[in-house]
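First comes the structure, then the notes that go with it.
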Protein chains: 2
Amino acid sequence: MIYLKKLIVFLLFIGFSILHASKHPNLILTKKGVNAIQKHLGTIPIFDQTLARVKQEVDKDIATGIHVPIPKDMAGGYTHDRHKKNWFTLQKAGVLYQILDEEKYAIYVKQVLMSYAKMYKNLPLHPKERSYARGKIFWQCLNDANWLVYVSQAYDCIYDYLSKSERVYLEEELFIPYAEFLSEQNPKFFNRIHNHSTWGNVAVGMIGLVMNNEKFIRYALEGLDATTFDKNAMDNDGGLIYDKDRKAGFLSNLDQPFSPDGYYTEGPYYQRYAMYPFMVFAEALENTRPDLKIFNYKEGVLIKGVDALLQLTNEKGEFFPLNDGQKGMSYLANELVAAVDIAYHFGKQDATLLSIAKKQNTVLLDNTGLSVALALQQNKQQVFKKKSIQFRDGSKGDEGAVSILRAQKKPFTVVMKNTAQGLSHGHYDKLSFSYYHKGEEVLQDYGLSRFVNVKQKNGGGYLKENKTFAKQSIAHNTVVLDETSHFKGKYKIGSQHHSEVFAFKTQDPNLQLASAIELNAYPDTKLHRSLILLEDQDFEQPLLIDVFNIDSKNTHKIDLPFYYHDQIIGTNFKYQTPKVLTPLGEKNGYQHLWLEGQTPSLEMDKTLQVTWRSNNQFYTISSALSKGDELLFTRIGANDPKFNLRRDPAFILRKKDVKNEVFINILETHGGYNAVTESATNAFSSIKNIELIKEVSEGYIAFKIITTKDKVHLFALCLERNATNKKHYIEVEGITHHWKGEIFHYVN
Amino acid sequence: MIYLKKLIVFLLFIGFSILHASKHPNLILTKKGVNAIQKHLGTIPIFDQTLARVKQEVDKDIATGIHVPIPKDMAGGYTHDRHKKNWFTLQKAGVLYQILDEEKYAIYVKQVLMSYAKMYKNLPLHPKERSYARGKIFWQCLNDANWLVYVSQAYDCIYDYLSKSERVYLEEELFIPYAEFLSEQNPKFFNRIHNHSTWGNVAVGMIGLVMNNEKFIRYALEGLDATTFDKNAMDNDGGLIYDKDRKAGFLSNLDQPFSPDGYYTEGPYYQRYAMYPFMVFAEALENTRPDLKIFNYKEGVLIKGVDALLQLTNEKGEFFPLNDGQKGMSYLANELVAAVDIAYHFGKQDATLLSIAKKQNTVLLDNTGLSVALALQQNKQQVFKKKSIQFRDGSKGDEGAVSILRAQKKPFTVVMKNTAQGLSHGHYDKLSFSYYHKGEEVLQDYGLSRFVNVKQKNGGGYLKENKTFAKQSIAHNTVVLDETSHFKGKYKIGSQHHSEVFAFKTQDPNLQLASAIELNAYPDTKLHRSLILLEDQDFEQPLLIDVFNIDSKNTHKIDLPFYYHDQIIGTNFKYQTPKVLTPLGEKNGYQHLWLEGQTPSLEMDKTLQVTWRSNNQFYTISSALSKGDELLFTRIGANDPKFNLRRDPAFILRKKDVKNEVFINILETHGGYNAVTESATNAFSSIKNIELIKEVSEGYIAFKIITTKDKVHLFALCLERNATNKKHYIEVEGITHHWKGEIFHYVN
């Protein structure tokens, strides 16, 4: 990898001497590309529509004049929003100048850039002091970098329109000091493995490419020489600023957070955010130095990353909110428009990407967008098929995985998180999962606690509750020991470990399995969770079977929450509800849960059932609990003085004073409700009982599901490593069953 | 009215002697109608599709055999659901026999009827003892009546197919005792002014028409002779069984609960439910005795009722959940398919009804459905335009009204409830309102507390919380004095009174007004609420201005809640949140509210603002409060041991120890949030301050809204009767303003 990286850097500088004299634009738009676009204008509907929309937008903004205010506000405030609008308008105006050849756009870009140039050198740091790396135009360097990534493109588009002296003026007064500020003057922003740094690297790299500035291009690709910096410094997200091997720059940000499968360790929400600079800089490199083959880097990880992102969405195209992720973000985002178009054009013209582009209904106004528009015009699109798939985490792919099970014929998706920590945006949610039906959440991942760009909510930044609740283990559908989060909720510990995939079997669409192990979340404790997606004629819809083994040297209290939605319809057990609501605990997220109800400790082993209704659909979780266990009903919202948290419900299964235990939970989807016909169909569970079989050989677990029609489903799992090709035997009630592989299912 | 009723009854019996020998079917289908249908088959898409769907459904059911089990279960249980399915299948099979002329359907109907006939006479009362009027086939007479309304039609369809002796057998063993059971043996069910009785009347009337049985027809139209019954007996809904004037029967159920505007006093949810028997019996009467002109009865109230129902829906076609109403019920319901088709055919072929029929995408398989299908095939439909409209309540139209304001150009709807009690399904919610934006609730009416047909929830029946919460005043967006519901929450008191319309002005689409007075909800207290829907360029979206005057002889604590949705974004004031949640009060619904936060008593007059986000839209209520007032944040859910209530939030404005007070609240809709672009636009209120002008002449109220851009909007209202045509003067800050009419608006 390091060799490859060095080769690329070497090739790059060779290349530059050749390209030195080449004409602009050459970054995202190219002379040749512009000619091709102009040739097809009027005949490529989706491109023409996008162009018309962009022209209308830009004309409207230009008509309001030039606005380059002295920076003052946070996100959501006027100067922030105006400078943000400028970067978009400038980039688009540059494109319009090239494609439409109308001088007014070049004039506009030039005038705005001149205004920035007049102001820039005298600007102090932005007056708001909230960021670990304050910008000049914006409150944080990150936004200054965003600006430059876009504005570099605008500059490239009017480069040849400007006189040499105009260019010298802009570069000396604006672009060079700007790029130096983002890099040399802000190493703690620039030299990380983090999406922030990717933006910084690309900003400096893009303007470096336009100006043909060797220093900036080197900074962008390799980072700064960091030998002089404090290696223990942390950023405001709690992330380490320096990687222990001092890797930095664009290539390291490709090497490290991306797994060979294209999964970005921060999770899909931030992968989406980083994808724009990754893809657009790759495009710029490909246009200026095609011999570098940047899209082949790390076996084509950039293109794989686009595919991974698209797979990491629900049926509505919304990203699974793993780690810090705001719900609702989807592949309709601009970053994904860029990613899809660039991946289509520079990848293998994958026709399934076109179906996504069609849904996006907009394209990049460049060569890649033209390719997509032409292909769509020729009706080349094929369905992008989402499937059961696993994305390994870690730069080498050996740090766990996100495991996705999708039912074959019905719209159900299990997303299981068996990854590494996910850098500073990671949650303490080892082996957690969420469950979707028709694109709607059945069991949710809370996501982040933040209202991005909503000024009233902490200026749009992360809320305190992100740390005190959303990141904590109890906020997720996974086990918590002794009311303490995984790794004690400490990033320094969590970031040293990762879960391990035990099995991922999807060959049999009726019996899919995702199974993973976590050894480090708690000392001397092995967590092993197996999720089985079963499609069987005895059940109306696929069953999700959750087998969670906890094996510890010491005794613990163990909680396992399920965050459902909407309203409880019925239970098969009695519980008490308090007259007064008190928080469930003191810390680690427990202080944010109201205790709404509780069973007494069970007097004997019992299968408890909770049925709820959500989106006019019935769901039941049947839980095989043991004597002494409890079930608690909770609701988020305690100690939340600013109403920052959603009042979402959960129920928690609790075991006390236990060492080695197993939770068996079965989630059934059944029936439905129609408010117009007022008919409730199949409102009851089809499961009568779950029976754990206690007398089995070590290393095995076996249990029976007895249906209300007295059908018996026997399941057995081998919990030992390398179970795949071994033959297994198990004796149940005098009968010996044998099978090969991890899982056994037998219907009686 | 009484004269007209007598005339109709007289005409009817004249008519019968003439029609006696006429052929069947003549009830809903007619010989002539069937011929017309057969002629058009295959050329009328919506009819043909409906027919194909029905045929498939019926064939599927017939294939499973005949099922007439001994009655045993509650709603949701097997015998209930099966007998319910039978009534639908029988009715449809009868229709298929007529239209398709396939004997298998007649055979099926005959066999099923014979099975019922064999069983019926020996049936005891249904074993479940939950109803005030237990049925035989079902747990309540109401469902027995439903059955007969449908099955009468099936009998009519195969009447001529049967031999005379078969008919005699069926009538003597089944239909005659069935009708006698519903009428003579259940006067407390049959002889009310209530949707239950309407079903009973129509059931007995329909079978009476088929059998040409004079007694039953008379019962149906005029009710039983009730002189011997206990007049104080109440039904299980808390309704009086006898009307004080002992009116009963179909015509009285048209006279009394329907206002001259077609509003049904129980509210749209039950109007929808009653509409099927009303319309289908009217159709039957029209077919058998067209000279009665039943559709002209009470100036065409049946057709008006259909129009009223359609107006009483949000943009998704869902009925406003006034009184007991289950949310989600819409004009797609079967009852509305029947109502729309029958109203189109027997009314004035109103082309706007066709657009509703098109959305319903199904028609009745009779002459009326044929008319609609033919008209749709000819593309005659016109838009059904929802508008600002008022529906008077009370049989004479003098018992208040439902007042609906709709913004002219933007999708906002105000529904203000200024009606009478609404019989036993009424809520104690005088002058309450709800507010819709794009068909979504902004300020909600809770609706009922019931999960219709969901067995786990009290067998699908009303829940205890319907009475303890949903009906109570504090569950609504209206004032509550001293934590006591209107009329002390007593039906006997509430049903003697009604609110009064003060003004309803919609001529100026930019300044619409609905204003009403309630004098009896509390002793010696006048409540006067005025809702103003303002469209003005100073505000992005229409403003809803709520002016609530309370004028009492004694001092009170006054609460005014607003039930918003989703999440608080920000406030312009400080408040405390408790560490432990306690119920807000002891009774009258207060026991179901958790107190989530509270301001201290205000130290001076102040405009408090609460901004929330719902459906990616920002809303702000600005409240002009006075020194000593408080604001409380609450959430439904206390004392709810079975999770029967939704955990919905509200905030409550509270005044203490006051006699004469006014609440001025302004609801702004502004900006929006896009989770994909992560842009928050216009997230702040445009209102800086609301200023009540204290020095005004008696009988007037005036206030100013000062915008954040320092524009001043002055409003004045005359609160005296007969304000419309009077000239009014008001002096504000030395300037005299004058106007004519109820309301004055002046922008400075």
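Residue numbering restarts at 1 for every chain of the structure tokens, chains are lettered A, B, ... in their displayed order, and ligands are numbered from 1 as they appear.
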- Contacts of Phe346 in chain B at 9 Å or less, counting only C-alpha atoms, minus same-chain residues fewer than 5 places along, as a ChimeraX atom specification? /B:283,286,295,303,341,368
Go ahead and dump the residues you just picked, C-alpha atoms, as a CSV table (one decimal), in the first residue's frame.
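What ended up in selection08.csv:
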```csv
chain,number,residue,atom,x,y,z
B,283,GLU,CA,-82.5,4.0,-2.3
B,286,GLU,CA,-86.9,5.4,-3.9
B,295,PHE,CA,-84.4,12.3,-1.3
B,303,ILE,CA,-77.8,14.5,-0.3
B,341,ASP,CA,-72.9,6.7,-5.8
B,368,THR,CA,-76.2,4.1,-9.0
```
- Quick one: everything within 7 Å of Lys688 in chain B, counting only C-alpha atoms, minus sequence neighbours fewer than 2 positions away in the same chain. Send it as a ChimeraX atom specification. /B:686,706-708
- Using only C-alpha atoms, which of B:Leu544, B:Val580, B:Ala702, B:Ala420 sits nearest Asn520 in chain B?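 Among the listed residues, the smallest separation from Asn520 in chain B belongs to B:Ala420.
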Sorted by chain and rising residue number, list the residues of chain B at most 9 Å from chain A (counting only C-alpha atoms), each with its closest atom pair and distance in Å to one decimal, as CSV.
```
residue,atom,partner,partner_atom,distance
B:Gly76,CA,A:Ala680,CA,7.5
B:Gln326,CA,A:Ala675,CA,7.7
B:Lys327,CA,A:Ala675,CA,7.3
B:Gly328,CA,A:Ala675,CA,5.2
B:Met329,CA,A:Val676,CA,4.6
B:Ser330,CA,A:Val676,CA,6.1
B:Tyr331,CA,A:Val676,CA,8.3
B:Leu332,CA,A:Val676,CA,6.9
B:Ala333,CA,A:Val676,CA,5.4
B:Asn334,CA,A:Thr677,CA,7.6
B:Phe451,CA,A:Glu678,CA,8.9
B:Val452,CA,A:Glu678,CA,6.3
B:Asn453,CA,A:Ala680,CA,6.0
B:Val454,CA,A:Ala680,CA,5.9
B:Lys455,CA,A:Ala683,CA,7.9
B:Gln456,CA,A:Gly570,CA,5.8
B:Lys457,CA,A:Ile569,CA,6.7
B:Asp566,CA,A:Arg646,CA,7.9
B:Gln567,CA,A:Phe643,CA,7.0
B:Ile568,CA,A:Phe643,CA,6.0
B:Ile569,CA,A:Gln456,CA,6.4
B:Gly570,CA,A:Gln456,CA,5.7
B:Thr571,CA,A:Gln456,CA,8.6
B:Tyr575,CA,A:Pro641,CA,8.5
B:Gln576,CA,A:Pro641,CA,7.3
B:Thr577,CA,A:Pro641,CA,5.6
B:Pro578,CA,A:Asn639,CA,8.1
B:Lys579,CA,A:Asn639,CA,6.6
B:Val580,CA,A:Thr582,CA,5.0
B:Leu581,CA,A:Leu581,CA,4.8
B:Thr582,CA,A:Val580,CA,5.0
B:Pro583,CA,A:Val580,CA,7.3
B:Trp594,CA,A:Leu581,CA,8.8
B:Glu596,CA,A:Pro641,CA,8.9
B:Gly597,CA,A:Pro641,CA,8.0
B:Ala638,CA,A:Lys579,CA,7.4
B:Asn639,CA,A:Lys579,CA,6.7
B:Asp640,CA,A:Thr577,CA,7.9
B:Pro641,CA,A:Thr577,CA,5.6
B:Lys642,CA,A:Gly570,CA,7.9
B:Phe643,CA,A:Ile568,CA,6.0
B:Asn644,CA,A:Ile568,CA,7.7
B:Leu645,CA,A:Gln567,CA,8.2
B:Arg646,CA,A:Gln567,CA,7.0
B:Arg647,CA,A:Arg647,CA,8.0
B:Tyr673,CA,A:Val454,CA,8.5
B:Asn674,CA,A:Gly328,CA,8.5
B:Ala675,CA,A:Gly328,CA,5.2
B:Val676,CA,A:Met329,CA,4.6
B:Thr677,CA,A:Ala333,CA,6.3
B:Glu678,CA,A:Val452,CA,6.3
B:Ser679,CA,A:Asn453,CA,6.3
B:Ala680,CA,A:Val454,CA,5.9
B:Thr681,CA,A:Gly76,CA,8.3
B:Ala683,CA,A:Val454,CA,7.3
B:Phe684,CA,A:Gln456,CA,8.6
```
Go through range 380-496 of chain A and collect every residue that DSSP, computed from the backbone, puts in strand (DSSP E); the answer should be as a PDB file with C-alpha atoms, in the first residue's frame.
```pdb
ATOM      1  CA  ILE A 389     -24.438  -8.494   2.140  1.00  0.00           C
ATOM      2  CA  GLN A 390     -21.628  -7.974   4.573  1.00  0.00           C
ATOM      3  CA  PHE A 391     -19.203  -5.049   4.531  1.00  0.00           C
ATOM      4  CA  ARG A 392     -15.976  -5.660   6.355  1.00  0.00           C
ATOM      5  CA  ALA A 401     -18.234  -5.917   9.662  1.00  0.00           C
ATOM      6  CA  VAL A 402     -21.668  -4.498   9.101  1.00  0.00           C
ATOM      7  CA  SER A 403     -23.854  -7.497   8.341  1.00  0.00           C
ATOM      8  CA  ILE A 404     -27.068  -6.952   6.422  1.00  0.00           C
ATOM      9  CA  LEU A 405     -29.686  -9.658   6.050  1.00  0.00           C
ATOM     10  CA  ARG A 406     -32.521  -9.075   3.652  1.00  0.00           C
ATOM     11  CA  PHE A 412     -37.444  -6.972   5.683  1.00  0.00           C
ATOM     12  CA  THR A 413     -33.921  -5.859   6.488  1.00  0.00           C
ATOM     13  CA  VAL A 414     -31.698  -6.604   9.479  1.00  0.00           C
ATOM     14  CA  VAL A 415     -28.696  -4.340   9.992  1.00  0.00           C
ATOM     15  CA  MET A 416     -26.227  -5.747  12.495  1.00  0.00           C
ATOM     16  CA  LYS A 417     -23.271  -3.730  13.701  1.00  0.00           C
ATOM     17  CA  ASN A 418     -20.229  -5.857  14.336  1.00  0.00           C
ATOM     18  CA  SER A 432     -26.548  -4.058  18.112  1.00  0.00           C
ATOM     19  CA  PHE A 433     -29.017  -4.293  15.281  1.00  0.00           C
ATOM     20  CA  SER A 434     -31.942  -2.486  13.770  1.00  0.00           C
ATOM     21  CA  TYR A 435     -34.823  -3.945  11.791  1.00  0.00           C
ATOM     22  CA  TYR A 436     -36.786  -2.510   8.889  1.00  0.00           C
ATOM     23  CA  HIS A 437     -40.065  -3.485   7.300  1.00  0.00           C
ATOM     24  CA  GLU A 440     -39.924   1.712   8.091  1.00  0.00           C
ATOM     25  CA  GLU A 441     -38.164   1.117  11.364  1.00  0.00           C
ATOM     26  CA  VAL A 442     -39.466  -1.781  13.436  1.00  0.00           C
ATOM     27  CA  LEU A 443     -36.625  -1.742  15.948  1.00  0.00           C
ATOM     28  CA  VAL A 480     -25.513  -3.625  28.737  1.00  0.00           C
ATOM     29  CA  LEU A 481     -23.803  -5.082  31.782  1.00  0.00           C
TER      30      LEU A 481
END
```
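CA of His486 in chain A is positioned 11.0 Å from CA of Leu527 in chain A.
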